[in-house]
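Below: one structure, written as structure tokens.
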Amino acid sequence: MATRDRQPSPTVPGHPPAQTAGQWARPILLVLGVVFLATCVGMSLLLVLEHLAGLSLPGCGAGSPCAQAAASVWGKVPVINWPTSFLGLAHFLAVSAAWLTARGRPPPALRMVVRLGALLSLGFVVIMVRGGYTCPYCLAAHLGNFAFWVLVELSGRARVVLFRPAAAFCTTFVLASAILGLADHRWRRAARAEAEQQMQASGEAILAAAQRGEEAADDGPAATVPTTAPADTATAPDEAPAARSFTGRYRLGPEESPIRIVIFSDYTCVGCHIIELETEALFERQPTISVSVKQWPGDRACNPYGTEGKHLNACAAARAAETAGLLGGNDAFWKMHFWLFKKNGRFTEQELRAAAQEFGHDPDEFERVWQSDATLELVLADIEEGFGLGLRSTPTIFINGMEFKGWSAPLALTRVVEKLIEANLPVRTAAHDRPMTAVESYVADWRNARVRELPAQDRGWTQGPADAGLKIVVWGDYQQPNTALADGIIREFVSGRSDTRYTFHVYPLSTACNPAAKEDTHPLACRAALAAYAAGTLGGPDAYWKMHDWLLRNQPQFSDDALPAAATAAGLDPAALLAAMEDPETLAAVTADAAAGQQAGLQNSPLMFINHKVIPRWLHGGQPMLRAILDAAAQSEPGP
């Protein structure tokens, strides 16, 4: 390729050659481009890690704008079903490689790619704003992309076609996509393996319970409650759950069946839609099974246990189904039920009126009933029943009164039902089905947890005899309200018992002393943990537990200024306590304790074990179930 002859710039004797404005500007533009692209890459990478590694991002919890964006139709790439953040990360990495290769002078092809990327960013920003879920990380990535686009438009044009930037872009995009695809494949495989394991265990438990029930039936009736009402008859919402059969108001299949399926569902829930399609196909092949549904819309508009800003319109959809049932009975309910799932629970008022007319209802009457208290009361009755059963997500499936877990495994429900049919179970009604209550469910979760070998750690503080049959181990944060709540329940339970040993470890949710903490959720948590350990170092267990109690009772008032009074109450010299808190050994003890909690699998504080079995969940709608779990553990055989 020929080069053009350039005339040398005039110079002043004794002075270096003058630099042109373009020569000075080009390095600055190159660096600015790197900064803008680094912002895009960093924000996209955080979102990718949240998906693959469970990274806890500030402001990205359940119901947050981030969660809403990820759950929306725009949160996945069509066909390959990747999170959109995957595509964004691969794109920004590829553009970064091309930008560096072009040294800040993008060729025409790269300029067009950047313009297309800016146009897509504009579209996503508009969608987020209109949808009401402005994810801060997504927004930061798109703003960085806009800034880079402006920079590209201001940068100099390459005079010739450069192939190296194009090659760098394509190579980086392919490699990044391949790596992300492999990571996503492994993540999905692990999730499927876990679901498969849950499905197998749950199916075996359901079969065993059904067979035990068959043996009991030989000695007399299995239940003394009335049989189920006719399928087209609505049960009164205020009727106590214990006084009626466990079934929905409307049913597919016979009243008496060996397989009785009840699904708590949400018309806007993706998993519910998957189960709905599988259930329809299963019922066509196995018409002797009984299927009914109960409403659990995740929308806070009618469900106080739902998630704010999530499953929007789910309440309206649930009430639409109940309206059809009230007006037309069983068949009308199922027609509307199927239509709502085809619409993913999202429809306009005009579309609903048109559907109602198509199904033989008067649109005005349908709308009146839809907006009446009657439909709301029916939905609320299902919600309260579900809450009483420990429901926490949808779909939640019960087979013959037992919760079926692992439904997300491929055709899990179909495989388990077919296995149960092969077992030739007796034909019964829903009157025989008695699902566990929320308390029983929470206790069962702990009882069924596997025994773990906890990390060897001698830094925690202990109450109770070493040979106690009941051993409780907790990792908690002195600034976290739930830790204070759990500790209070445990200390009350332990009080006066000689068969229980309680060990408390610290897990401050702050990066100041806990490298595993993702963020400074509680900025004073490390100071509080240091105070507790320093008290124990100076005054032994008695001083430690006094400081422990004070820290948990005075979380809002905690500060260094308040510590002297706390030290005096614990029988310690305030100056000595503050000095011990600054001792490197105290910090090392706190950090080691937190590291042990991470090794034990801590994902959310407090992390609690009873006899080496983790307590998976203990708060139900703000109501603590911990005391019931402790009482059940005390009645069990002593653990390791």
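Starting from 1 in every chain, residues are counted up; chains themselves are A, B, ... following the order of the structure tokens, and ligands are numbered from 1 as listed.
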
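For Cys513 in chain A, the list of residues within 12 Å, based on only C-alpha atoms and with local chain neighbours fewer than 6 positions off taken out, reads Asp477, Val506, Tyr507, Glu519, Asp520, His522, Pro523, Leu524, Ala525, Cys526, Arg527, Ala528, Ala529, Leu530, Pro584, Thr586, Leu587, Ala588, Ala589, Val590, Thr591, Ala592, Asp593, Ala594 and Ala595 of chain A.
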
Store the residues picked out above, limited to N, CA and C atoms, as a short mmCIF file (atom, residue, chain, number, x, y, z; two decimals), in the first residue's frame.
```cif
data_model
loop_
_atom_site.label_atom_id
_atom_site.label_comp_id
_atom_site.auth_asym_id
_atom_site.auth_seq_id
_atom_site.Cartn_x
_atom_site.Cartn_y
_atom_site.Cartn_z
N ASP A 477 -24.68 -11.14 62.55
CA ASP A 477 -24.18 -9.77 62.43
C ASP A 477 -24.81 -8.96 63.55
N VAL A 506 -19.34 -14.57 64.61
CA VAL A 506 -19.69 -13.30 63.96
C VAL A 506 -19.49 -13.40 62.46
N TYR A 507 -20.40 -12.77 61.75
CA TYR A 507 -20.28 -12.62 60.29
C TYR A 507 -20.74 -11.21 59.95
N GLU A 519 -20.77 -6.07 50.14
CA GLU A 519 -21.00 -4.64 50.28
C GLU A 519 -21.03 -4.28 51.76
N ASP A 520 -21.00 -2.99 52.04
CA ASP A 520 -21.10 -2.52 53.43
C ASP A 520 -22.57 -2.35 53.81
N HIS A 522 -23.95 -3.12 56.64
CA HIS A 522 -23.97 -2.55 57.99
C HIS A 522 -22.58 -2.00 58.29
N PRO A 523 -22.34 -0.73 58.03
CA PRO A 523 -20.99 -0.16 58.18
C PRO A 523 -20.40 -0.30 59.58
N LEU A 524 -21.25 -0.37 60.62
CA LEU A 524 -20.74 -0.46 61.99
C LEU A 524 -20.63 -1.91 62.48
N ALA A 525 -20.91 -2.87 61.60
CA ALA A 525 -20.94 -4.27 62.04
C ALA A 525 -19.57 -4.73 62.52
N CYS A 526 -18.51 -4.30 61.86
CA CYS A 526 -17.16 -4.73 62.27
C CYS A 526 -16.79 -4.15 63.64
N ARG A 527 -17.13 -2.89 63.88
CA ARG A 527 -16.84 -2.30 65.18
C ARG A 527 -17.58 -3.04 66.29
N ALA A 528 -18.82 -3.43 66.01
CA ALA A 528 -19.59 -4.16 67.02
C ALA A 528 -18.98 -5.54 67.27
N ALA A 529 -18.55 -6.23 66.21
CA ALA A 529 -17.94 -7.54 66.37
C ALA A 529 -16.62 -7.43 67.15
N LEU A 530 -15.85 -6.39 66.85
CA LEU A 530 -14.59 -6.17 67.58
C LEU A 530 -14.85 -5.91 69.05
N PRO A 584 -4.45 -5.95 66.61
CA PRO A 584 -4.54 -6.74 65.36
C PRO A 584 -5.05 -8.16 65.58
N THR A 586 -7.39 -9.08 67.61
CA THR A 586 -8.86 -9.03 67.67
C THR A 586 -9.44 -8.99 66.26
N LEU A 587 -8.87 -8.16 65.41
CA LEU A 587 -9.32 -8.09 64.02
C LEU A 587 -9.12 -9.44 63.32
N ALA A 588 -8.00 -10.10 63.58
CA ALA A 588 -7.73 -11.40 62.97
C ALA A 588 -8.77 -12.44 63.41
N ALA A 589 -9.19 -12.36 64.68
CA ALA A 589 -10.19 -13.31 65.19
C ALA A 589 -11.53 -13.10 64.49
N VAL A 590 -11.93 -11.84 64.34
CA VAL A 590 -13.20 -11.54 63.68
C VAL A 590 -13.16 -11.99 62.22
N THR A 591 -12.07 -11.69 61.54
CA THR A 591 -11.93 -12.06 60.13
C THR A 591 -11.95 -13.57 59.96
N ALA A 592 -11.27 -14.29 60.85
CA ALA A 592 -11.24 -15.75 60.79
C ALA A 592 -12.63 -16.34 61.03
N ASP A 593 -13.38 -15.75 61.96
CA ASP A 593 -14.74 -16.21 62.23
C ASP A 593 -15.62 -16.03 61.01
N ALA A 594 -15.52 -14.87 60.37
CA ALA A 594 -16.31 -14.60 59.17
C ALA A 594 -15.93 -15.55 58.04
N ALA A 595 -14.62 -15.83 57.90
CA ALA A 595 -14.17 -16.75 56.85
C ALA A 595 -14.74 -18.15 57.08
#
```

I'd like the contact shell of Ala430 in chain A - 6 Å cut-off, only C-alpha atoms, skipping same-chain residues fewer than 3 positions apart - returned as a ChimeraX atom specification.
/A:245-246,433

Writing out the chosen residues with C-alpha atoms as a short mmCIF file (atom, residue, chain, number, x, y, z; two decimals), in the first residue's frame:
```cif
data_model
loop_
_atom_site.label_atom_id
_atom_site.label_comp_id
_atom_site.auth_asym_id
_atom_site.auth_seq_id
_atom_site.Cartn_x
_atom_site.Cartn_y
_atom_site.Cartn_z
CA SER A 245 -61.05 -30.86 51.35
CA PHE A 246 -57.73 -29.82 49.90
CA ASP A 433 -55.31 -35.06 51.43
#
```

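CA of Ile263 in chain A lies 29.2 Å from CA of Asp362 in chain A.
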
Counting only C-alpha atoms, what is within 8 Å of Ile472 in chain A, bar same-chain residues fewer than 6 positions away, as a list in words?
Thr500, Arg501, Tyr502, Thr503, Met608, Phe609, Ile610 and Asn611 of chain A

Any chance you can output those residues with C-alpha atoms as a PDB file, in the first residue's frame?
```
ATOM      1  CA  THR A 500     -28.238 -27.659  74.837  1.00  0.00           C
ATOM      2  CA  ARG A 501     -25.028 -25.940  73.749  1.00  0.00           C
ATOM      3  CA  TYR A 502     -25.184 -22.576  71.930  1.00  0.00           C
ATOM      4  CA  THR A 503     -22.218 -21.222  69.956  1.00  0.00           C
ATOM      5  CA  MET A 608     -27.973 -21.303  61.778  1.00  0.00           C
ATOM      6  CA  PHE A 609     -27.292 -24.981  62.365  1.00  0.00           C
ATOM      7  CA  ILE A 610     -28.949 -27.419  64.732  1.00  0.00           C
ATOM      8  CA  ASN A 611     -26.998 -30.636  65.197  1.00  0.00           C
TER       9      ASN A 611
END
```

Step one, run DSSP on the backbone; step two, keep only residues of range 323-463 of chain A assigned to alpha helix (DSSP H); then write them as JSON, numbers by chain.
{"A": [323, 324, 325, 326, 327, 328, 329, 330, 331, 332, 333, 334, 335, 336, 337, 338, 339, 340, 341, 342, 349, 350, 351, 352, 353, 354, 355, 356, 357, 358, 363, 364, 365, 366, 367, 368, 369, 370, 373, 374, 375, 376, 377, 378, 379, 380, 381, 382, 383, 384, 385, 386, 387, 388, 412, 413, 414, 415, 416, 417, 418, 419, 420, 421, 422, 438, 439, 440, 441, 442, 443, 444, 445, 446, 447]}

Might you pull out every residue within 7 Å of Ala532 in chain A, with only C-alpha atoms counted and same-chain residues fewer than 4 positions away left off, and present them as a PyMOL selection string?
chain A and resi 528+536+544+547-548

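With only C-alpha atoms taken into account, the protein and nucleic acid residues at most 9 Å from His361 in chain A (excluding it and anything under 4 positions from it in its own chain) are Ala324, Leu327, Gly328, Arg353, Ala355, Ala356, Gln357, Glu365 and Phe366 of chain A.
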
Same residues, N, CA and C atoms, saved as a compact mmCIF listing (two decimals), in the first residue's frame:
```
# COMPACT_ATOMS: atom_id res chain seq x y z
N ALA A 324 -65.08 -15.75 35.71
CA ALA A 324 -65.64 -16.72 34.76
C ALA A 324 -66.25 -17.90 35.51
N LEU A 327 -69.61 -16.92 37.11
CA LEU A 327 -70.68 -16.69 36.14
C LEU A 327 -71.06 -17.95 35.37
N GLY A 328 -70.08 -18.81 35.12
CA GLY A 328 -70.36 -19.95 34.24
C GLY A 328 -69.98 -21.30 34.77
N ARG A 353 -62.79 -8.00 27.80
CA ARG A 353 -64.21 -7.94 27.46
C ARG A 353 -64.50 -8.77 26.21
N ALA A 355 -62.80 -11.37 25.16
CA ALA A 355 -62.69 -12.79 25.52
C ALA A 355 -63.94 -13.24 26.27
N ALA A 356 -64.41 -12.41 27.19
CA ALA A 356 -65.62 -12.76 27.95
C ALA A 356 -66.81 -12.97 27.01
N GLN A 357 -66.95 -12.08 26.03
CA GLN A 357 -68.05 -12.22 25.06
C GLN A 357 -67.88 -13.49 24.22
N GLU A 365 -71.66 -7.37 32.46
CA GLU A 365 -71.83 -8.13 33.70
C GLU A 365 -70.49 -8.74 34.13
N PHE A 366 -69.72 -9.22 33.17
CA PHE A 366 -68.42 -9.80 33.49
C PHE A 366 -67.52 -8.76 34.15
```

Name all residues at most 10 Å from Ala210 in chain A (count only C-alpha atoms; drop same-chain ones fewer than 4 positions away) and give them as a PDB file with C-alpha atoms, in the first residue's frame.
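As a result, out.pdb now contains:
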```
ATOM      1  CA  GLU A 204     -40.373 -41.251  46.530  1.00  0.00           C
ATOM      2  CA  ALA A 205     -41.811 -39.463  49.585  1.00  0.00           C
ATOM      3  CA  ILE A 206     -45.200 -39.009  47.893  1.00  0.00           C
ATOM      4  CA  GLU A 214     -53.362 -47.413  51.833  1.00  0.00           C
ATOM      5  CA  GLU A 215     -52.312 -49.597  54.760  1.00  0.00           C
ATOM      6  CA  ALA A 216     -54.071 -47.295  57.224  1.00  0.00           C
ATOM      7  CA  PRO A 258     -55.570 -42.069  42.512  1.00  0.00           C
ATOM      8  CA  ILE A 259     -53.630 -38.904  41.562  1.00  0.00           C
ATOM      9  CA  ILE A 399     -49.761 -34.366  44.769  1.00  0.00           C
ATOM     10  CA  ASN A 400     -52.158 -36.227  47.031  1.00  0.00           C
ATOM     11  CA  GLY A 401     -51.657 -33.538  49.663  1.00  0.00           C
ATOM     12  CA  MET A 402     -47.828 -33.577  49.641  1.00  0.00           C
ATOM     13  CA  LEU A 420     -47.458 -43.163  40.768  1.00  0.00           C
ATOM     14  CA  ALA A 423     -47.954 -48.149  41.587  1.00  0.00           C
ATOM     15  CA  LEU A 425     -52.656 -46.403  44.121  1.00  0.00           C
ATOM     16  CA  PRO A 426     -56.198 -46.525  45.504  1.00  0.00           C
ATOM     17  CA  ASP A 433     -55.310 -35.062  51.426  1.00  0.00           C
TER      18      ASP A 433
END
```
